[in-house]
2 protein chains.
Amino acid sequence: MALLIHLTGVNEKAWAEGFRGALPGYPVFLRSDDYDPKAIHYVFAWKPEADAFEGMDNLKAILSLGAGVDALMQHPALPDVPIVRFVDKELTHCMSDYVIANVMMHQRLFTRYAAHQKAKVWNQFYPPASSEISVGIMGLGTLGLDAAEKLKVIGFDVCGWSRSKKEVEGVETFAGDGQLDAFLARTDILVCLLPLTPETHGILNMDTFKKLRRGPLVGGPALINAARGGHQKEADIAAALEDGTLAAASLDVFEVEPLPKDSPLWDLKTCFITPHIAAISNERSGVEYFSQMLKDHEAGQPLRNVVDRKRGY
Amino acid sequence: MALLIHLTGVNEKAWAEGFRGALPGYPVFLRSDDYDPKAIHYVFAWKPEADAFEGMDNLKAILSLGAGVDALMQHPALPDVPIVRFVDKELTHCMSDYVIANVMMHQRLFTRYAAHQKAKVWNQFYPPASSEISVGIMGLGTLGLDAAEKLKVIGFDVCGWSRSKKEVEGVETFAGDGQLDAFLARTDILVCLLPLTPETHGILNMDTFKKLRRGPLVGGPALINAARGGHQKEADIAAALEDGTLAAASLDVFEVEPLPKDSPLWDLKTCFITPHIAAISNERSGVEYFSQMLKDHEAGQPLRNVVDRKRGY
């Protein structure tokens, strides 16, 4: 029995030290260590190499550092073992911070006042109250539900859309392709927190933007994407911001990261770019979550938050 | 018996119509109407003229449109009758919107990412979680308490300071001059929602800013003032933003309004100016609140939210 840490582009040693501290007596290996692949019961993985799982005949589960497993699911030699997603309280907390900050920036008409300030114009235009604005959340998993709860407390009118119907108190919910248009038609600020699957790839496109409500949010609807770059068509976002279909956008993720220097998004005054920093998987909470999961599983308990390979998340 | 509407620079007719609808059979006069000053029991006032209350021998109370009565208290011939402040649910709601939006803009290091975007720099620096940031609210009246409750739900560490000690669950509270320094020393984002009195005049000055915590908020502390321009020394704010004592400021109010064109604040990239639009007294909720108060008072019930003239609010 052993745990292998296989994290590309992440500080593997720090994570290994964390796990060694949390799992006294349980072998924890780095890729550079000398270990027998047959001893590995668990791989803690982020962007694993093509040969990552070779010879692991006794692998029991893959533990994914990321909350999203879209990249992992593309692995060319993914073993047929359960994949456990990281459901991270601290990541959820930071993601809601990002979402609320950007929702409120758009609700309070930030770009309008910034333009007035630049021109030294004193124009007492009152922004709408949060209670007048509808925030439509795509994806009602852990992240979407936490953001929805907090936005409700602030006073927003919150609605949600997900693959399968969910009941959330105080939130009007929609499900599936058949209800997407109805969801968009009552949404002023669209927030994407979806998992990336073949069904959700490119869902943030001009056709979607044109169906958003043009109502109490002065200037037009706004878009926030903190999920994956694969959800968005950046050429459509740039065009929508330029022709007024969208009044503003906050993007934390991009089709290609880092965002190429020649992307038109950089120069748009109504586009707010952050470099995929909305929320990061937290080492402390990750060690706690996965070491408890590993101990429970080795003791015969079932795994939790296992990916449904057919759904893709 | 009668109600006189005396609002300077506000749509008096719209308010009068509202009150007439809510008080059938009760005389409601505009200043331009022909009325007997002795009949006036109540004046609904905003920036009343010097002779506003002349001949009103039977005045029972002044109803203040504004939540802040600092201007009214300076009136040269203020009658010795109770002054009722407007405690407005909708104004409170909008004020919390403004406060949360600006707190989170600073917590999420907005100015840092804006500068990086302008330079097309992809730098994956993670902002602190809301749970790491302390928001210090000056003024724990209706407005301060509502903002505190909502900021707590989002996850901020909230503390508060007021003239007299208040107990608020989950909020560390400080009171009076003696505890101001301790309050500032644990505050990353300072929010002013104080009433303007001789004691609070100019409280937002360089000495205050230098006492704020320099800790988890990368770059330094931030200031938000949505109360009155009289609370702030704008020369100190500009200097503090330039020398780094403050990392950023959001100002909705100014010593002179409209903010003069030659103010250095307009051009500071870390100063976010809005033209006194954080929240406005709402006509619908104002008519409801004051007409109920008037009916109750004429029926022998006590007034509510009466200004303490010694305190000044």
# chains A, B, ... in the order shown; residues from 1 in each chain; ligands from 1

call {"tool": "interface_residues", "arguments": {"of": "chain A", "to": "chain B", "cutoff": "7 Å", "atoms": "only C-alpha atoms", "output": "list in words"}}
result
Cys94, Asp97, Ala101, Met104, Met105, Tyr113, Gln117, Lys120, Trp122, Asn123, Gln124, Phe125, Tyr126, Ala129, Ser130, Lys150, Val153, Ile154, Pro258, Lys261, Trp266, Ile273, Thr274, Pro275, His276 and Ile277 of chain A

call {"tool": "select_by_dssp", "arguments": {"residues": "stretch 59-151 of chain B", "states": "strand (DSSP E or B)", "output": "list in words"}}
result
Ala61, Ile62, Leu63, Ser64, Ile83, Val84, Ser134, Val135, Gly136, Ile137 and Met138 of chain B

call {"tool": "write_last_selection", "arguments": {"atoms": "C-alpha atoms", "output": "PDB file, in the first residue's frame"}}
result
ATOM      1  CA  ALA B  61     -42.731  67.125  14.465  1.00  0.00           C
ATOM      2  CA  ILE B  62     -40.292  67.524  11.599  1.00  0.00           C
ATOM      3  CA  LEU B  63     -40.024  64.496   9.349  1.00  0.00           C
ATOM      4  CA  SER B  64     -36.578  64.319   7.725  1.00  0.00           C
ATOM      5  CA  ILE B  83     -37.202  65.368  14.470  1.00  0.00           C
ATOM      6  CA  VAL B  84     -37.944  61.959  12.962  1.00  0.00           C
ATOM      7  CA  SER B 134     -11.057  42.231   8.379  1.00  0.00           C
ATOM      8  CA  VAL B 135     -13.702  44.803   7.534  1.00  0.00           C
ATOM      9  CA  GLY B 136     -14.017  47.537  10.161  1.00  0.00           C
ATOM     10  CA  ILE B 137     -17.337  49.356  10.124  1.00  0.00           C
ATOM     11  CA  MET B 138     -17.526  52.793  11.729  1.00  0.00           C
TER      12      MET B 138
END

call {"tool": "closest_residue", "arguments": {"among": "B:Val10, B:Leu223, B:Leu3, B:Leu78", "to": "B:Asp51", "atoms": "only C-alpha atoms"}}
result
B:Leu78

call {"tool": "atom_distance", "arguments": {"atom1": "atom CA of A:Arg186", "atom2": "atom CA of A:Glu255"}}
result
27.3 Å
